[in-house]
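Text of final_14.txt, listed as compact mmCIF, C-alpha atoms and all ligand atoms:
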```
# COMPACT_ATOMS: atom_id res chain seq x y z
CA MET B 6 -3.83 7.65 29.07
CA GLU B 7 -6.35 4.92 28.43
CA TRP B 8 -7.53 6.24 25.05
CA ILE B 9 -3.94 6.25 23.72
CA ARG B 10 -3.43 2.62 24.80
CA ALA B 11 -6.72 1.72 23.08
CA GLU B 12 -5.71 3.49 19.86
CA LEU B 13 -2.36 1.68 19.79
CA LYS B 14 -4.10 -1.66 20.39
CA LYS B 15 -6.42 -0.94 17.48
CA ILE B 16 -3.47 -0.18 15.18
CA GLU B 17 -1.76 -3.37 16.32
CA GLY B 18 -4.92 -5.44 15.73
CA GLU B 19 -5.05 -4.17 12.15
CA LYS B 20 -1.38 -5.19 11.63
CA LEU B 21 -0.62 -1.54 10.91
CA TYR B 22 1.62 -0.81 13.89
CA ARG B 23 4.74 1.04 12.80
CA LYS B 24 8.06 1.34 14.56
CA ARG B 25 11.19 3.26 13.73
CA VAL B 26 14.26 1.09 13.41
CA PRO B 27 17.88 2.29 13.45
CA VAL B 28 19.38 0.89 10.26
CA GLU B 29 23.02 0.86 11.37
CA GLY B 30 24.82 -2.39 10.62
CA LEU B 31 22.24 -3.49 8.07
CA LYS B 32 22.35 -3.41 4.29
CA ASP B 33 19.73 -0.84 3.35
CA PHE B 34 17.76 -1.76 0.22
CA CYS B 35 15.01 0.85 0.49
CA SER B 36 16.55 4.31 0.78
CA ASN B 37 15.93 7.11 -1.71
CA ASP B 38 19.64 7.89 -2.08
CA TYR B 39 19.40 6.54 -5.62
CA LEU B 40 22.71 7.86 -6.92
CA GLY B 41 24.67 7.30 -3.72
CA LEU B 42 25.38 11.02 -3.46
CA LYS B 43 24.67 11.56 0.23
CA ASP B 44 28.25 10.72 1.15
CA HIS B 45 29.95 11.53 -2.16
CA PRO B 46 33.32 13.15 -1.31
CA ARG B 47 32.52 16.34 -3.24
CA VAL B 48 29.12 16.68 -1.54
CA VAL B 49 30.55 16.12 1.95
CA GLU B 50 33.47 18.48 1.30
CA SER B 51 31.21 21.28 0.06
CA ALA B 52 28.85 20.90 3.03
CA LYS B 53 31.83 20.85 5.44
CA LYS B 54 33.31 24.02 4.00
CA THR B 55 29.96 25.83 4.20
CA LEU B 56 29.44 24.56 7.73
CA LYS B 57 32.75 26.16 8.71
CA ASP B 58 31.89 29.43 6.95
CA TYR B 59 28.24 29.78 8.04
CA GLY B 60 27.83 27.61 11.14
CA LEU B 61 25.10 25.02 11.59
CA GLY B 62 21.67 26.67 11.62
CA SER B 63 20.39 29.38 9.31
CA GLY B 64 19.15 31.35 12.31
CA ALA B 65 15.84 32.65 10.92
CA SER B 66 13.23 32.29 8.19
CA GLN B 67 13.98 33.24 4.56
CA LEU B 68 12.15 36.56 4.93
CA VAL B 69 13.88 37.53 8.16
CA SER B 70 17.64 36.88 8.01
CA GLY B 71 17.85 33.20 7.03
CA TYR B 72 18.43 33.72 3.31
CA THR B 73 22.10 33.62 2.24
CA LYS B 74 24.11 33.65 -0.98
CA VAL B 75 24.24 29.85 -0.71
CA HIS B 76 20.42 29.64 -0.83
CA ALA B 77 20.29 32.09 -3.76
CA GLN B 78 22.98 30.18 -5.68
CA LEU B 79 21.18 26.86 -5.19
CA GLU B 80 17.89 28.37 -6.38
CA GLU B 81 19.55 29.82 -9.46
CA GLU B 82 21.24 26.56 -10.43
CA LEU B 83 18.13 24.48 -9.71
CA ALA B 84 16.10 26.74 -12.02
CA GLY B 85 18.73 26.20 -14.73
CA PHE B 86 18.76 22.44 -14.06
CA LYS B 87 14.96 22.23 -14.36
CA GLY B 88 14.80 24.62 -17.33
CA THR B 89 12.55 27.16 -15.60
CA PRO B 90 12.98 30.92 -15.10
CA ALA B 91 12.99 30.77 -11.29
CA CYS B 92 13.05 28.57 -8.21
CA VAL B 93 12.34 28.89 -4.50
CA LEU B 94 13.52 26.66 -1.66
CA PHE B 95 11.31 25.09 1.00
CA GLY B 96 12.25 23.31 4.23
CA SER B 97 11.12 19.88 2.95
CA GLY B 98 9.00 18.27 0.25
CA TYR B 99 6.11 18.05 2.66
CA LEU B 100 6.36 21.75 3.43
CA ALA B 101 6.63 22.63 -0.27
CA ASN B 102 3.45 20.77 -1.16
CA VAL B 103 1.35 21.93 1.76
CA GLY B 104 2.55 25.49 1.19
CA ALA B 105 2.49 25.89 -2.58
CA ILE B 106 -0.78 24.17 -3.52
CA PRO B 107 -3.05 26.41 -1.39
CA VAL B 108 -1.38 29.45 -3.01
CA LEU B 109 -2.18 28.14 -6.49
CA ALA B 110 -5.79 27.14 -5.88
CA GLY B 111 -8.34 28.46 -3.41
CA GLU B 112 -12.03 29.13 -3.06
CA GLY B 113 -13.83 28.92 -6.40
CA ASP B 114 -11.03 26.82 -7.96
CA LEU B 115 -10.82 23.14 -8.86
CA ILE B 116 -8.01 20.69 -7.99
CA LEU B 117 -7.74 17.40 -9.87
CA SER B 118 -5.51 14.89 -8.12
CA ASP B 119 -4.26 11.41 -9.06
CA GLU B 120 -5.50 8.86 -6.51
CA LEU B 121 -1.96 7.60 -5.80
CA ASN B 122 -0.41 11.00 -5.21
CA HIS B 123 1.93 11.33 -2.24
CA ALA B 124 0.38 12.18 1.15
CA SER B 125 2.02 15.62 1.14
CA LEU B 126 0.19 16.46 -2.10
CA ILE B 127 -3.06 15.17 -0.64
CA ASP B 128 -2.54 17.33 2.44
CA GLY B 129 -1.66 20.34 0.27
CA CYS B 130 -4.95 19.84 -1.60
CA ARG B 131 -6.82 19.49 1.72
CA PHE B 132 -5.26 22.69 3.08
CA SER B 133 -6.46 24.55 0.01
CA LYS B 134 -10.04 25.82 0.00
CA ALA B 135 -10.50 24.61 -3.59
CA GLU B 136 -12.96 21.89 -4.63
CA ARG B 137 -11.09 18.57 -4.89
CA LYS B 138 -11.71 15.76 -7.37
CA VAL B 139 -9.61 12.60 -7.38
CA PHE B 140 -9.06 10.79 -10.69
CA LYS B 141 -8.17 7.13 -11.08
CA HIS B 142 -4.45 6.41 -11.11
CA ARG B 143 -2.96 7.50 -14.46
CA ASP B 144 -6.41 7.28 -15.99
CA TYR B 145 -6.45 10.43 -18.09
CA GLU B 146 -9.75 9.54 -19.77
CA ASN B 147 -11.27 9.61 -16.31
CA LEU B 148 -9.56 12.96 -15.71
CA GLU B 149 -10.87 14.35 -19.00
CA GLU B 150 -14.44 13.25 -18.19
CA THR B 151 -14.27 15.32 -15.00
CA LEU B 152 -12.71 18.27 -16.82
CA LYS B 153 -15.42 18.19 -19.48
CA LYS B 154 -18.15 18.16 -16.86
CA GLU B 155 -16.70 20.46 -14.24
CA ARG B 156 -14.01 22.79 -15.58
CA HIS B 157 -16.36 25.56 -16.73
CA SER B 158 -17.86 25.92 -13.24
CA TYR B 159 -14.59 27.03 -11.68
CA ARG B 160 -12.22 29.98 -11.93
CA ARG B 161 -8.77 28.33 -11.99
CA ALA B 162 -8.00 24.61 -12.22
CA LEU B 163 -4.90 22.75 -11.05
CA ILE B 164 -3.96 19.20 -12.06
CA VAL B 165 -1.70 17.61 -9.43
CA THR B 166 0.50 14.56 -9.98
CA ASP B 167 3.67 12.77 -8.90
CA SER B 168 6.05 12.34 -11.88
CA VAL B 169 7.42 9.05 -10.52
CA PHE B 170 4.91 7.60 -8.07
CA SER B 171 6.63 7.06 -4.76
CA MET B 172 5.24 3.66 -3.79
CA ASP B 173 4.68 2.09 -7.24
CA GLY B 174 7.59 3.53 -9.20
CA ASP B 175 5.50 4.13 -12.32
CA LEU B 176 5.51 7.36 -14.31
CA ALA B 177 2.71 9.81 -14.91
CA ASP B 178 2.21 10.44 -18.64
CA LEU B 179 3.27 14.06 -18.58
CA LYS B 180 2.67 14.44 -22.32
CA ALA B 181 -0.98 13.54 -21.87
CA LEU B 182 -1.21 15.88 -18.89
CA TYR B 183 0.36 18.73 -20.90
CA GLU B 184 -2.28 18.26 -23.58
CA LEU B 185 -5.15 18.17 -21.11
CA SER B 186 -3.89 21.15 -19.17
CA ASP B 187 -3.66 23.13 -22.43
CA ARG B 188 -7.06 22.01 -23.74
CA TYR B 189 -8.89 22.77 -20.50
CA GLU B 190 -6.83 25.78 -19.40
CA CYS B 191 -5.42 24.22 -16.27
CA MET B 192 -2.21 24.67 -14.33
CA LEU B 193 -0.15 21.50 -13.90
CA TYR B 194 1.67 20.79 -10.61
CA ILE B 195 4.31 18.08 -10.94
CA ASP B 196 5.89 16.56 -7.83
CA ASP B 197 9.26 15.47 -9.22
CA ALA B 198 10.60 14.23 -5.87
CA HIS B 199 11.52 10.79 -7.24
CA GLY B 200 12.09 11.92 -10.84
CA THR B 201 14.84 14.41 -10.03
CA GLY B 202 18.18 12.69 -10.56
CA THR B 203 16.63 9.45 -11.80
CA VAL B 204 14.77 9.97 -15.08
CA GLY B 205 15.47 11.79 -18.32
CA GLU B 206 19.18 12.47 -18.19
CA GLY B 207 18.78 13.24 -14.53
CA LYS B 208 16.77 16.42 -14.79
CA GLY B 209 13.49 14.67 -14.10
CA GLY B 210 10.02 13.99 -15.43
CA LEU B 211 9.77 16.71 -18.08
CA GLU B 212 13.12 15.71 -19.59
CA GLU B 213 12.02 12.05 -19.63
CA PHE B 214 9.10 13.04 -21.88
CA GLY B 215 11.13 15.51 -23.96
CA LEU B 216 8.98 18.38 -22.71
CA GLY B 217 10.07 21.95 -22.12
CA TRP B 218 8.69 24.03 -19.28
CA ARG B 219 5.60 26.17 -19.94
CA GLU B 220 4.18 29.02 -17.93
CA ASN B 221 1.23 27.03 -16.59
CA VAL B 222 3.55 24.31 -15.24
CA VAL B 223 4.91 24.17 -11.69
CA VAL B 224 7.68 21.68 -10.91
CA MET B 225 8.33 20.75 -7.32
CA GLY B 226 11.30 18.59 -6.34
CA THR B 227 13.16 17.48 -3.24
CA LEU B 228 16.80 17.75 -2.23
CA SER B 229 16.33 14.71 0.00
CA LYS B 230 16.26 11.84 -2.47
CA ALA B 231 18.68 11.49 -5.43
CA LEU B 232 20.33 14.79 -4.41
CA GLY B 233 21.32 13.15 -1.12
CA SER B 234 20.58 16.14 1.10
CA TYR B 235 17.48 17.60 2.75
CA GLY B 236 14.87 20.16 1.74
CA ALA B 237 12.87 20.94 -1.38
CA PHE B 238 12.17 23.49 -4.09
CA VAL B 239 9.46 24.74 -6.41
CA CYS B 240 10.34 25.87 -9.94
CA GLY B 241 8.25 28.02 -12.25
CA SER B 242 7.92 31.58 -13.49
CA GLU B 243 9.50 34.55 -11.68
CA GLU B 244 6.02 35.77 -10.72
CA LEU B 245 5.06 32.40 -9.28
CA VAL B 246 8.18 32.37 -7.11
CA GLU B 247 7.49 35.91 -5.91
CA LEU B 248 3.93 34.94 -5.05
CA LEU B 249 5.07 31.87 -3.10
CA VAL B 250 7.60 33.96 -1.17
CA ASN B 251 4.77 36.31 -0.24
CA ARG B 252 1.98 33.83 0.40
CA ALA B 253 3.20 30.28 1.15
CA ARG B 254 2.76 29.93 4.89
CA SER B 255 5.12 26.95 5.14
CA LEU B 256 7.88 29.12 3.69
CA ILE B 257 7.15 32.33 5.58
CA PHE B 258 6.63 30.88 9.05
CA THR B 259 9.54 28.46 9.28
CA THR B 260 13.31 28.65 9.64
CA SER B 261 15.14 28.33 6.32
CA LEU B 262 17.38 25.39 5.43
CA PRO B 263 20.87 25.29 6.94
CA PRO B 264 23.34 26.69 4.34
CA ALA B 265 25.56 23.57 4.54
CA VAL B 266 22.58 21.39 3.55
CA CYS B 267 22.04 23.65 0.51
CA ALA B 268 25.72 23.58 -0.43
CA GLY B 269 25.72 19.76 -0.40
CA ALA B 270 22.62 19.66 -2.60
CA LEU B 271 24.17 22.16 -5.01
CA GLU B 272 27.23 19.96 -5.41
CA SER B 273 24.93 16.99 -6.16
CA VAL B 274 23.17 18.97 -8.91
CA ARG B 275 26.54 19.76 -10.47
CA ILE B 276 27.68 16.13 -10.24
CA ILE B 277 24.51 14.97 -12.03
CA GLU B 278 24.90 17.60 -14.77
CA GLU B 279 28.54 16.68 -15.33
CA ASN B 280 28.00 12.90 -15.28
CA THR B 281 25.00 11.84 -17.35
CA GLU B 282 26.34 8.28 -17.31
CA LEU B 283 25.15 8.08 -13.68
CA ILE B 284 21.60 7.64 -14.97
CA GLU B 285 22.68 4.86 -17.36
CA ARG B 286 24.41 3.13 -14.46
CA LEU B 287 21.31 3.53 -12.30
CA ARG B 288 19.19 1.92 -15.06
CA GLU B 289 21.61 -1.05 -15.17
CA MET B 290 21.41 -1.38 -11.38
CA GLU B 291 17.60 -1.33 -11.52
CA LYS B 292 17.59 -4.21 -14.01
CA LYS B 293 19.98 -6.25 -11.87
CA LEU B 294 17.88 -5.65 -8.76
CA PHE B 295 14.70 -6.53 -10.64
CA ASN B 296 16.28 -9.85 -11.73
CA VAL B 297 17.18 -10.68 -8.15
CA LEU B 298 13.70 -9.77 -6.87
CA SER B 299 12.04 -11.81 -9.59
CA GLU B 300 13.13 -14.89 -7.62
CA LEU B 301 10.31 -14.13 -5.19
CA PRO B 302 6.88 -15.71 -5.72
CA TYR B 303 5.16 -12.30 -5.80
CA GLU B 304 4.32 -9.62 -8.33
CA VAL B 305 7.44 -7.51 -8.84
CA VAL B 306 6.81 -4.21 -10.62
CA TYR B 307 9.57 -2.56 -12.66
CA SER B 308 8.69 0.61 -14.55
CA GLY B 309 12.12 1.89 -15.60
CA THR B 310 12.64 3.84 -12.37
CA PRO B 311 14.58 2.90 -9.21
CA ILE B 312 11.44 2.16 -7.17
CA ILE B 313 10.71 -1.55 -7.51
CA PRO B 314 7.89 -2.74 -5.25
CA VAL B 315 7.31 -6.39 -4.43
CA ILE B 316 3.57 -6.61 -3.91
CA VAL B 317 2.93 -9.07 -1.09
CA GLY B 318 -0.71 -8.08 -0.49
CA ASP B 319 -1.33 -9.22 3.06
CA GLU B 320 -0.05 -6.77 5.69
CA GLY B 321 1.05 -9.48 8.16
CA GLU B 322 2.95 -11.39 5.49
CA ALA B 323 4.77 -8.25 4.34
CA ILE B 324 5.90 -7.56 7.92
CA ASN B 325 6.96 -11.17 8.30
CA ILE B 326 9.21 -11.11 5.22
CA SER B 327 10.66 -7.76 6.24
CA LYS B 328 11.46 -9.22 9.71
CA LYS B 329 13.10 -12.33 8.27
CA LEU B 330 15.27 -10.23 5.97
CA PHE B 331 16.16 -8.03 8.94
CA GLU B 332 17.44 -11.10 10.79
CA LYS B 333 19.69 -11.75 7.82
CA GLY B 334 21.12 -8.23 7.93
CA ILE B 335 18.93 -6.75 5.19
CA PHE B 336 16.73 -3.75 5.69
CA VAL B 337 13.65 -3.31 3.52
CA GLN B 338 10.59 -1.63 4.94
CA ALA B 339 7.14 -3.21 4.69
CA ILE B 340 4.85 -0.47 3.36
CA ARG B 341 1.25 -0.74 4.46
CA TYR B 342 -1.99 1.18 4.69
CA PRO B 343 -2.45 4.16 4.80
CA THR B 344 0.69 4.71 2.67
CA VAL B 345 -0.69 2.20 0.13
CA PRO B 346 -4.25 0.80 -0.21
CA LYS B 347 -5.35 -1.97 2.20
CA GLY B 348 -4.44 -5.45 0.88
CA ARG B 349 -1.64 -3.99 -1.32
CA ALA B 350 1.12 -4.16 1.30
CA ARG B 351 4.54 -4.33 -0.24
CA LEU B 352 8.26 -4.39 0.20
CA ARG B 353 9.48 -1.21 -1.44
CA PHE B 354 12.92 -2.05 -2.82
CA THR B 355 14.91 0.72 -4.45
CA ALA B 356 17.90 0.58 -6.77
CA SER B 357 20.91 2.63 -5.76
CA LEU B 358 24.42 3.13 -7.04
CA ARG B 359 25.45 2.37 -3.46
CA TYR B 360 25.07 -1.37 -4.07
CA SER B 361 28.00 -3.57 -5.12
CA GLU B 362 27.77 -6.92 -6.95
CA GLU B 363 28.38 -8.57 -3.55
CA ASP B 364 25.42 -6.72 -2.04
CA LEU B 365 23.12 -8.03 -4.78
CA GLU B 366 24.52 -11.55 -4.30
CA PHE B 367 23.91 -11.22 -0.53
CA LEU B 368 20.30 -10.20 -1.19
CA SER B 369 19.78 -12.99 -3.68
CA GLU B 370 21.04 -15.62 -1.21
CA ALA B 371 18.82 -14.20 1.55
CA LEU B 372 15.74 -14.29 -0.69
CA LYS B 373 16.50 -17.86 -1.82
CA SER B 374 16.76 -19.08 1.76
CA LEU B 375 13.47 -17.34 2.57
CA ILE B 376 11.62 -19.08 -0.21
CA LYS B 377 12.88 -22.46 1.02
CA LEU B 378 11.42 -21.88 4.51
C1 LIG K 401 6.37 12.17 -4.05
C2 LIG K 401 6.86 12.78 -2.77
N1 LIG K 401 6.61 14.07 -2.54
C3 LIG K 401 7.03 14.67 -1.41
C4 LIG K 401 7.72 13.97 -0.45
C5 LIG K 401 8.11 14.67 0.81
O1 LIG K 401 9.45 15.07 0.74
P1 LIG K 401 10.29 15.32 2.05
O2 LIG K 401 10.74 13.98 2.55
O3 LIG K 401 11.43 16.19 1.61
O4 LIG K 401 9.39 16.01 3.03
C6 LIG K 401 8.00 12.61 -0.66
C7 LIG K 401 8.75 11.76 0.28
O5 LIG K 401 9.18 11.95 1.32
C8 LIG K 401 7.56 12.00 -1.84
O6 LIG K 401 7.78 10.69 -2.04
```
Taking this structure as input, can you express it in the form of C-alpha cells?
Ligand SMILES: Cc1ncc(COP(=O)(O)O)c(C=O)c1O
Amino acid sequence: MEWIRAELKKIEGEKLYRKRVPVEGLKDFCSNDYLGLKDHPRVVESAKKTLKDYGLGSGASQLVSGYTKVHAQLEEELAGFKGTPACVLFGSGYLANVGAIPVLAGEGDLILSDELNHASLIDGCRFSKAERKVFKHRDYENLEETLKKERHSYRRALIVTDSVFSMDGDLADLKALYELSDRYECMLYIDDAHGTGTVGEGKGGLEEFGLGWRENVVVMGTLSKALGSYGAFVCGSEELVELLVNRARSLIFTTSLPPAVCAGALESVRIIEENTELIERLREMEKKLFNVLSELPYEVVYSGTPIIPVIVGDEGEAINISKKLFEKGIFVQAIRYPTVPKGRARLRFTASLRYSEEDLEFLSEALKSLIKL
C-alpha cells in the first residue's frame, strides 16, 4: 500500500530505518546475557529435563491450567532471592510493566517517571489512567519539587524507575528514592531488568544500595537478561501478588511461560546465589571492555555496570560504524531514536562473561583499524 511505502521512506530519510540481522557467525558484543548463563550446562540440562517431563508449551494461562509446580518453585525462589515475601511470573518484561503499573495506579493517582525509563515502563504508565509526570533523569530535586507541589492533590502516588538504565548503564539512586517515597507516601516501582544478576552480589539494585525490601516497594525483574532465559517477574507483598493475579490483564489474558523456560531460569538463580564471584568477574570484564572501547574517539560511559555505551551522536555515523564492525565479524547494534534521544545515537556495548581474552583482542584490533580509516 502506498501509505506504508511512504512511511518507510520517511523512516529511511531520518536515518532511523531498522532491520533485524541474524547474528550467527559474528562475535556478539551487545547481548544482555551478561553472565553467559544462557547455555550454561546446568541451565541447559535443567531445561532439557523439564522439557521431557512437561513438553514444550504450557498449554494455557496461569489462571486456567498453565500454572505448574515449576512456575510455583521459581516464584518462591525468586522471592527469596529478591528478599520479598512473594513473587509472580509474567510472560516478559514488557508484559510485566504494562500489566502491573495500571494495577498500582489508576484514576485519581499520580505516576512520577524518570525520563530515561524503558519503553515498557512508559507504556505501562500510558496504559494506566493515572496522571503522569516525567522527572529529569536521576534528578531527584526535580522529582521532589513535583512531589511538593502535586502529591497532596492525588490519592496514591507511584515513583517509577529503572535500577540500571538500559541504554546508559547508569544506576538510579535507590537510597534517595526510598527517602522520597517515605517522605511523600509514595509506592516505588523498580525495574531491575538489568540489575538482576549484575549488581550488588547479583541480587540487584536494592542489594547494591544495601537496602532491604519495604512494603511500599515493588521490584520487577526479567528472566531474559543475566538469567539467560525468557520471561519476567514482579516481587512484593503477598497481597500485591494476589492483586496482580486478579487484575493484571497481561497476566490473565495470556498463555503462561513454558515450564522448561522457568526451569532454566531457576537454575540460573541458583548458580548466581552459589557463585558470588561471578559478579566480581563481570566487574573485571567490564573494566577490560571499557579500556578497549576507550581507544575510540567518542565519549565512552562506564558506570560500574555491564552496559557501556559509546556515544556517537549522529545517527548515520553510528550506523556506519556498526556496519564496518559487522564486516569485520563483530556485532554491535547502533541504538537510535526513539530508543534514545535524537542526536544521542550510540553503540551499546555490553560486558559478558562469554568473552575470552582473544575476543577482546579481536575487538581492539577491529576498532584500531576503524580509527585509521
Ligand atoms: C529496563 C527494561 N525493562 C523491561 C524490558 C523488557 O523485558 P523483556 O525483553 O523481557 O520484554 C527491557 C528489555 O527488554 C528493559 O531493558
Counting all atoms listed in the file, the residue of B:Phe238, B:Phe132, B:Phe170, B:Phe140 that sits nearest ligand LIG 401 (chain K) =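 For ligand LIG 401 (chain K), the nearest of the given residues is B:Phe170.
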Surrounding residues of segment 38-49 of chain B excluding itself and chain neighbours under 4 positions, 12 Å, all atoms listed in the file, as a ChimeraX atom specification = /B:33-34,53-56,198-204,207,227-235,265-277,280-288,290-291,310-312,354-361
Please give me, as a PDB file with C-alpha atoms, in the coordinates of the input, the residues lying within 8 Å of ligand LIG 401 (chain K) when counting only C-alpha atoms and all ligand atoms.
```pdb
ATOM      1  CA  GLY B  96      12.250  23.310   4.230  1.00  0.00           C
ATOM      2  CA  SER B  97      11.120  19.880   2.950  1.00  0.00           C
ATOM      3  CA  GLY B  98       9.000  18.270   0.250  1.00  0.00           C
ATOM      4  CA  TYR B  99       6.110  18.050   2.660  1.00  0.00           C
ATOM      5  CA  LEU B 100       6.360  21.750   3.430  1.00  0.00           C
ATOM      6  CA  ALA B 101       6.630  22.630  -0.270  1.00  0.00           C
ATOM      7  CA  ASN B 102       3.450  20.770  -1.160  1.00  0.00           C
ATOM      8  CA  ASN B 122      -0.410  11.000  -5.210  1.00  0.00           C
ATOM      9  CA  HIS B 123       1.930  11.330  -2.240  1.00  0.00           C
ATOM     10  CA  ALA B 124       0.380  12.180   1.150  1.00  0.00           C
ATOM     11  CA  SER B 125       2.020  15.620   1.140  1.00  0.00           C
ATOM     12  CA  LEU B 126       0.190  16.460  -2.100  1.00  0.00           C
ATOM     13  CA  ASP B 167       3.670  12.770  -8.900  1.00  0.00           C
ATOM     14  CA  SER B 168       6.050  12.340 -11.880  1.00  0.00           C
ATOM     15  CA  VAL B 169       7.420   9.050 -10.520  1.00  0.00           C
ATOM     16  CA  PHE B 170       4.910   7.600  -8.070  1.00  0.00           C
ATOM     17  CA  SER B 171       6.630   7.060  -4.760  1.00  0.00           C
ATOM     18  CA  MET B 172       5.240   3.660  -3.790  1.00  0.00           C
ATOM     19  CA  ASP B 196       5.890  16.560  -7.830  1.00  0.00           C
ATOM     20  CA  ASP B 197       9.260  15.470  -9.220  1.00  0.00           C
ATOM     21  CA  ALA B 198      10.600  14.230  -5.870  1.00  0.00           C
ATOM     22  CA  HIS B 199      11.520  10.790  -7.240  1.00  0.00           C
ATOM     23  CA  GLY B 226      11.300  18.590  -6.340  1.00  0.00           C
ATOM     24  CA  THR B 227      13.160  17.480  -3.240  1.00  0.00           C
ATOM     25  CA  LEU B 228      16.800  17.750  -2.230  1.00  0.00           C
ATOM     26  CA  SER B 229      16.330  14.710   0.000  1.00  0.00           C
ATOM     27  CA  LYS B 230      16.260  11.840  -2.470  1.00  0.00           C
ATOM     28  CA  TYR B 235      17.480  17.600   2.750  1.00  0.00           C
ATOM     29  CA  GLY B 236      14.870  20.160   1.740  1.00  0.00           C
ATOM     30  CA  ALA B 237      12.870  20.940  -1.380  1.00  0.00           C
TER      31      ALA B 237
END
```
Mind checking which residues fall within 9 Å of segment 342-350 of chain B, counting all atoms listed in the file, ignoring those fewer than 4 positions away in the same chain, and posting them as an MDAnalysis selection string?
-> chainID B and resid 21 121 123:124 172 315:324
Selected residue, from B:Lys14, B:Arg351, B:Lys74, B:Lys333, that lies nearest to Lys32 of chain B when counting all atoms listed in the file |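 Of B:Lys14, B:Arg351, B:Lys74, B:Lys333, the one nearest Lys32 of chain B, counting all atoms listed in the file, is B:Lys333.
Excluding Gly111 of chain B itself and any same-chain residue fewer than 4 positions from it, the protein and nucleic acid residues within 12 Å of it, counting all atoms listed in the file, are Ala105, Ile106, Pro107, Leu115, Ile116, Gly129, Cys130, Arg131, Phe132, Ser133, Lys134, Ala135, Glu136, Arg137, Tyr159, Arg160, Arg161, Ala162 and Leu163 of chain B.
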Create the file for the chosen residues now, containing C-alpha atoms and written as an mmCIF file, in the coordinates of the input.
```cif
data_model
loop_
_atom_site.group_PDB
_atom_site.id
_atom_site.type_symbol
_atom_site.label_atom_id
_atom_site.label_comp_id
_atom_site.auth_asym_id
_atom_site.auth_seq_id
_atom_site.Cartn_x
_atom_site.Cartn_y
_atom_site.Cartn_z
ATOM 1 C CA ALA B 105 2.490 25.890 -2.580
ATOM 2 C CA ILE B 106 -0.780 24.170 -3.520
ATOM 3 C CA PRO B 107 -3.050 26.410 -1.390
ATOM 4 C CA LEU B 115 -10.820 23.140 -8.860
ATOM 5 C CA ILE B 116 -8.010 20.690 -7.990
ATOM 6 C CA GLY B 129 -1.660 20.340 0.270
ATOM 7 C CA CYS B 130 -4.950 19.840 -1.600
ATOM 8 C CA ARG B 131 -6.820 19.490 1.720
ATOM 9 C CA PHE B 132 -5.260 22.690 3.080
ATOM 10 C CA SER B 133 -6.460 24.550 0.010
ATOM 11 C CA LYS B 134 -10.040 25.820 0.000
ATOM 12 C CA ALA B 135 -10.500 24.610 -3.590
ATOM 13 C CA GLU B 136 -12.960 21.890 -4.630
ATOM 14 C CA ARG B 137 -11.090 18.570 -4.890
ATOM 15 C CA TYR B 159 -14.590 27.030 -11.680
ATOM 16 C CA ARG B 160 -12.220 29.980 -11.930
ATOM 17 C CA ARG B 161 -8.770 28.330 -11.990
ATOM 18 C CA ALA B 162 -8.000 24.610 -12.220
ATOM 19 C CA LEU B 163 -4.900 22.750 -11.050
#
```
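Shortest separation to Val222 of chain B among B:Val297, B:Ile376, B:Val246, B:Leu193 occurs at residue B:Leu193, atoms counted being all atoms listed in the file.
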Rank B:Arg353, B:Arg252, B:Lys87, B:Lys373 by their smallest atom-to-atom distance to Asn37 of chain B, using all atoms listed in the file, and report the top residue only.
-> B:Arg353
Suppose you want the space between atom CA of Tyr72 of chain B and atom CA of Val93 of chain B; what is it in Å?
->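 It comes out at 11.0 Å.
The spacing separating atom CA of Leu365 of chain B from atom CA of Leu294 of chain B amounts to 7.0 Å.
Note that atom CA of Ser63 of chain B and atom CA of Val28 of chain B are 28.5 Å apart.
Proximity to Asp364 of chain B was assessed for B:Tyr194, B:Leu31, B:Ala52, B:Leu117 counting all atoms listed in the file; the smallest distance is recorded for B:Leu31.
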Determine, counting only C-alpha atoms, which protein, DNA and RNA residues have an atom within 10 Å of an atom of Tyr22 of chain B; residues of the same chain fewer than 3 positions away are not included. Present the result as a list in words.
->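 Near neighbours after the sequence-gap exclusion: Leu13, Lys14, Lys15, Ile16, Glu17, Gly18, Glu19, Ile324 and Arg341 of chain B.
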Among listed residues B:Tyr183, B:Lys138, B:Leu262, B:Ser374, nearest Val223 of chain B (using only C-alpha atoms) =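 With only C-alpha atoms as the atom set, the closest residue is B:Tyr183.
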Pick out the residues sitting within 6 Å of segment 256-261 of chain B, and hand them over as a ChimeraX atom specification; count only C-alpha atoms, and ignore anything fewer than 5 positions along from it in its own chain.
-> /B:65-67,71,95
